[in-house]
Amino acid sequence: MSKKISLTGIKPTGMPHLGNYLGAIKPALDMANSGDYEGYYFIADYHSLTTVHKADTLREYIYEVAATWLALGLDPSKVTLYQQSHIPEIMELNWILSCFSAKGLMNRAHVYKALTHNNEVDKRDTDHGINMGIYTYPILMSADILFLKSNIVPVGSDQLQHIEIARDIANAFNHVYGDVFTLPEAKAQEGALVPGLDGRKMSKSYDNHIPLFLPEKKLRKTINKITTDSSEPSVPKDPNNSVVFDFYKLFATEAQIAELDAWYRRGIGWGEAKLELFNVVNENLKGPREKYTELMADKSKIDLILQEGADRVRPKAQEFLKEVKKAIGVLN
Ligand code: TRP
């Protein structure tokens, strides 16, 4: 029996942070390495174009995200890594699908709705600052998913609606032409919930995040910024009520956790606790950081991997697009 196809897209919008890593990237890598699926991972560069309008920035983001996944252990001999814009057939499918996408469906997409809502609150024109790429973002995402006949799409919970939309669009098309598209299923990622420097969920928009591949010194400095109370070192501390400890648990071994737990209860200085935290985080990230730095210093290796990915995926896209074009009547 052939393996199910699993596909996920990564939008290049800057270096991922520790929250992204433990919440989404790590579970996706575990899935890739399990060998249970035929895995596809792609860099959704055209999705970034909805918001990133600086060529050098976009170019850098694309390499950063590719280097990140490779540095963390994505193995291009086991799964296929490619760049969305290298597969022009996705754009053809995007148009075809848009002719089966109800405008009302786009109006209900969370991201678009939130933007129009903000405009209304701020008493601006409803569609102020919203380009058509943002509006039709879910259609392009449907094309990403459907052209490879993906069965499983591992995503964060914020993306579940997009998978529903892809199913709706596929159904609308299949209803007319028969079973051309495979209906994808979302697989919600069960990654760790990672606190940020201030204890709220780690997020770039809260500016409380720790980028994955900071140089050691900067990582140390950033970890020192984690909010703590002002209790003296000698005062016993509750490990269950400490962002530093929560973080530590995400990286340390059972034995290390037990040890730090005891130290907390005896009384530990926050400086000491943060140093322990830095040590385990740094231990975990050292190897990937070196690999990341190496990949970013000579980008030809990434170029080659992405080229190979495109070479594997494009023939599939071309073949499938023929099927779709025959179904709609533009090809004999
Ligand atoms: N929208 C996704 C995100 O913001 C990225 C993405 C684009 C994607 N196309 C996809 C994810 C297809 C899964 C499948 O993270």
# chains A, B, ... in the order shown; residues from 1 in each chain; ligands from 1

$ residues_around --residues "Pro76 (chain A)" --least-positions-apart "4" --cutoff "10 Å" --atoms "only C-alpha atoms" --output "NGL selection string"
:A and (32 or 39-41 or 70 or 80-82 or 305-306 or 308-309)

$ residues_around --residues "Val235 (chain A)" --least-positions-apart "4" --cutoff "10 Å" --atoms "only C-alpha atoms" --output "number ranges by chain"
A: 231, 264-269

$ write_last_selection --atoms "N, CA, C and O atoms" --output "PDB file, in the first residue's frame"
ATOM      1  N   SER A 231      12.269  38.467  44.556  1.00  0.00           N
ATOM      2  CA  SER A 231      12.634  37.800  45.816  1.00  0.00           C
ATOM      3  C   SER A 231      14.127  37.477  45.866  1.00  0.00           C
ATOM      4  O   SER A 231      14.761  37.206  44.847  1.00  0.00           O
ATOM      5  N   TYR A 264      15.213  25.108  43.488  1.00  0.00           N
ATOM      6  CA  TYR A 264      14.167  26.126  43.659  1.00  0.00           C
ATOM      7  C   TYR A 264      13.639  26.106  45.092  1.00  0.00           C
ATOM      8  O   TYR A 264      13.488  27.132  45.728  1.00  0.00           O
ATOM      9  N   ARG A 265      13.355  24.890  45.580  1.00  0.00           N
ATOM     10  CA  ARG A 265      12.716  24.772  46.898  1.00  0.00           C
ATOM     11  C   ARG A 265      13.678  25.129  48.034  1.00  0.00           C
ATOM     12  O   ARG A 265      13.257  25.587  49.093  1.00  0.00           O
ATOM     13  N   ARG A 266      14.994  24.927  47.779  1.00  0.00           N
ATOM     14  CA  ARG A 266      15.995  25.346  48.776  1.00  0.00           C
ATOM     15  C   ARG A 266      16.197  26.854  48.757  1.00  0.00           C
ATOM     16  O   ARG A 266      16.613  27.457  49.712  1.00  0.00           O
ATOM     17  N   GLY A 267      15.924  27.446  47.609  1.00  0.00           N
ATOM     18  CA  GLY A 267      16.243  28.864  47.407  1.00  0.00           C
ATOM     19  C   GLY A 267      17.296  28.976  46.320  1.00  0.00           C
ATOM     20  O   GLY A 267      18.377  28.399  46.448  1.00  0.00           O
ATOM     21  N   ILE A 268      16.954  29.687  45.250  1.00  0.00           N
ATOM     22  CA  ILE A 268      17.886  29.855  44.132  1.00  0.00           C
ATOM     23  C   ILE A 268      17.833  31.319  43.713  1.00  0.00           C
ATOM     24  O   ILE A 268      16.786  31.976  43.852  1.00  0.00           O
ATOM     25  N   GLY A 269      18.953  31.849  43.279  1.00  0.00           N
ATOM     26  CA  GLY A 269      18.937  33.212  42.758  1.00  0.00           C
ATOM     27  C   GLY A 269      18.433  33.195  41.322  1.00  0.00           C
ATOM     28  O   GLY A 269      18.701  32.227  40.594  1.00  0.00           O
TER      29      GLY A 269
END

$ closest_residue --among "A:Gly329, A:Gly35, A:Pro12, A:Gly133" --to "ligand 1" --atoms "only C-alpha atoms and all ligand atoms"
A:Pro12

$ residues_near_ligand --ligand "ligand 1" --cutoff "9 Å" --atoms "only C-alpha atoms and all ligand atoms" --output "number ranges by chain"
A: 7-12, 41-48, 84, 137-138, 140-145, 153-156, 158-159, 162-163, 186

$ atom_distance --atom1 "CA of Asn224 (chain A)" --atom2 "CA of Ala24 (chain A)"
24.8 Å

$ residues_around --residues "Ser150 (chain A)" --least-positions-apart "2" --cutoff "8 Å" --atoms "only C-alpha atoms" --output "PyMOL selection string"
chain A and resi 4-7+145-148+152-153+182-184

$ closest_residue --among "A:Ala172, A:Leu321, A:Ala258, A:Ile87" --to "Ser101 (chain A)" --atoms "only C-alpha atoms"
A:Ala172

$ residues_around --residues "Trp270 (chain A)" --least-positions-apart "6" --cutoff "10 Å" --atoms "only C-alpha atoms" --output "ChimeraX atom specification"
/A:224,226-233,237,244,264,276

$ select_by_dssp --residues "region 109-301 of chain A" --states "strand (DSSP E)" --output "PyMOL selection string"
chain A and resi 152-155+185-188

$ atom_distance --atom1 "CA of Phe173 (chain A)" --atom2 "CA of Leu97 (chain A)"
7.7 Å

$ select_by_dssp --residues "region 16-246 of chain A" --states "helix (DSSP H, G or I)" --output "ChimeraX atom specification"
/A:18-34,45-48,55-71,84-86,89-98,103-107,110-121,132-135,137-146,157-177,204-206,216-224,239-241,243-246

$ atom_distance --atom1 "CA of Asn94 (chain A)" --atom2 "CA of Ser157 (chain A)"
23.5 Å

$ decode --residues "region 276-289 of chain A" --atoms "all heavy atoms" --output "compact mmCIF listing (two decimals), in the first residue's frame"
# COMPACT_ATOMS: atom_id res chain seq x y z
N GLU A 276 21.26 28.36 34.44
CA GLU A 276 20.94 26.94 34.20
C GLU A 276 20.09 26.80 32.93
O GLU A 276 20.31 25.91 32.11
CB GLU A 276 20.17 26.35 35.39
CG GLU A 276 20.98 26.23 36.67
CD GLU A 276 22.21 25.35 36.50
OE1 GLU A 276 22.07 24.25 35.94
OE2 GLU A 276 23.31 25.78 36.93
N LEU A 277 19.13 27.70 32.81
CA LEU A 277 18.24 27.66 31.65
C LEU A 277 19.04 27.90 30.36
O LEU A 277 18.91 27.15 29.39
CB LEU A 277 17.13 28.71 31.79
CG LEU A 277 16.22 28.86 30.56
CD1 LEU A 277 15.51 27.55 30.24
CD2 LEU A 277 15.18 29.96 30.79
N PHE A 278 19.87 28.93 30.40
CA PHE A 278 20.68 29.21 29.22
C PHE A 278 21.49 27.98 28.82
O PHE A 278 21.56 27.62 27.64
CB PHE A 278 21.62 30.40 29.48
CG PHE A 278 22.74 30.50 28.48
CD1 PHE A 278 22.50 31.01 27.21
CD2 PHE A 278 24.02 30.05 28.79
CE1 PHE A 278 23.53 31.07 26.27
CE2 PHE A 278 25.05 30.11 27.86
CZ PHE A 278 24.80 30.62 26.59
N ASN A 279 22.07 27.32 29.81
CA ASN A 279 22.92 26.17 29.51
C ASN A 279 22.17 25.05 28.79
O ASN A 279 22.68 24.50 27.81
CB ASN A 279 23.57 25.63 30.79
CG ASN A 279 24.70 26.53 31.25
OD1 ASN A 279 25.30 27.27 30.45
ND2 ASN A 279 24.99 26.53 32.54
N VAL A 280 20.95 24.74 29.24
CA VAL A 280 20.24 23.65 28.54
C VAL A 280 19.75 24.08 27.16
O VAL A 280 19.81 23.31 26.21
CB VAL A 280 19.05 23.04 29.33
CG1 VAL A 280 19.54 22.25 30.52
CG2 VAL A 280 18.03 24.07 29.72
N VAL A 281 19.27 25.32 27.07
CA VAL A 281 18.79 25.79 25.77
C VAL A 281 19.95 25.79 24.78
O VAL A 281 19.86 25.28 23.66
CB VAL A 281 18.16 27.20 25.86
CG1 VAL A 281 17.80 27.73 24.48
CG2 VAL A 281 16.92 27.19 26.75
N ASN A 282 21.07 26.33 25.26
CA ASN A 282 22.23 26.45 24.39
C ASN A 282 22.75 25.08 23.97
O ASN A 282 23.11 24.86 22.82
CB ASN A 282 23.33 27.23 25.11
CG ASN A 282 24.42 27.67 24.16
OD1 ASN A 282 24.11 28.18 23.07
ND2 ASN A 282 25.65 27.46 24.54
N GLU A 283 22.73 24.14 24.89
CA GLU A 283 23.18 22.78 24.61
C GLU A 283 22.34 22.18 23.46
O GLU A 283 22.86 21.57 22.54
CB GLU A 283 23.03 21.94 25.89
CG GLU A 283 23.79 20.65 25.89
CD GLU A 283 25.25 20.81 25.47
OE1 GLU A 283 25.95 21.73 25.96
OE2 GLU A 283 25.66 20.02 24.61
N ASN A 284 21.03 22.43 23.53
CA ASN A 284 20.12 21.89 22.51
C ASN A 284 20.26 22.57 21.16
O ASN A 284 20.02 21.96 20.13
CB ASN A 284 18.66 22.04 22.98
CG ASN A 284 18.22 20.90 23.85
OD1 ASN A 284 17.77 19.88 23.37
ND2 ASN A 284 18.39 21.05 25.16
N LEU A 285 20.58 23.85 21.19
CA LEU A 285 20.56 24.61 19.93
C LEU A 285 21.93 24.78 19.28
O LEU A 285 22.03 25.24 18.14
CB LEU A 285 19.94 26.00 20.16
CG LEU A 285 18.45 25.99 20.51
CD1 LEU A 285 17.94 27.42 20.65
CD2 LEU A 285 17.64 25.24 19.46
N LYS A 286 22.97 24.39 20.01
CA LYS A 286 24.32 24.62 19.51
C LYS A 286 24.55 23.98 18.14
O LYS A 286 24.98 24.64 17.20
CB LYS A 286 25.30 24.04 20.52
CG LYS A 286 26.57 24.83 20.65
CD LYS A 286 27.57 23.99 21.43
CE LYS A 286 28.08 24.60 22.68
NZ LYS A 286 28.65 23.64 23.60
N GLY A 287 24.25 22.70 18.06
CA GLY A 287 24.46 21.96 16.81
C GLY A 287 23.68 22.57 15.66
O GLY A 287 24.27 22.94 14.62
N PRO A 288 22.35 22.70 15.80
CA PRO A 288 21.56 23.33 14.75
C PRO A 288 22.04 24.74 14.39
O PRO A 288 22.05 25.11 13.23
CB PRO A 288 20.14 23.37 15.33
CG PRO A 288 20.10 22.26 16.32
CD PRO A 288 21.50 22.13 16.86
N ARG A 289 22.47 25.49 15.41
CA ARG A 289 22.91 26.86 15.13
C ARG A 289 24.14 26.86 14.21
O ARG A 289 24.24 27.64 13.28
CB ARG A 289 23.24 27.58 16.44
CG ARG A 289 23.59 29.06 16.26
CD ARG A 289 24.35 29.59 17.46
NE ARG A 289 23.54 29.58 18.66
CZ ARG A 289 23.96 29.11 19.83
NH1 ARG A 289 25.16 28.60 19.96
NH2 ARG A 289 23.17 29.14 20.89
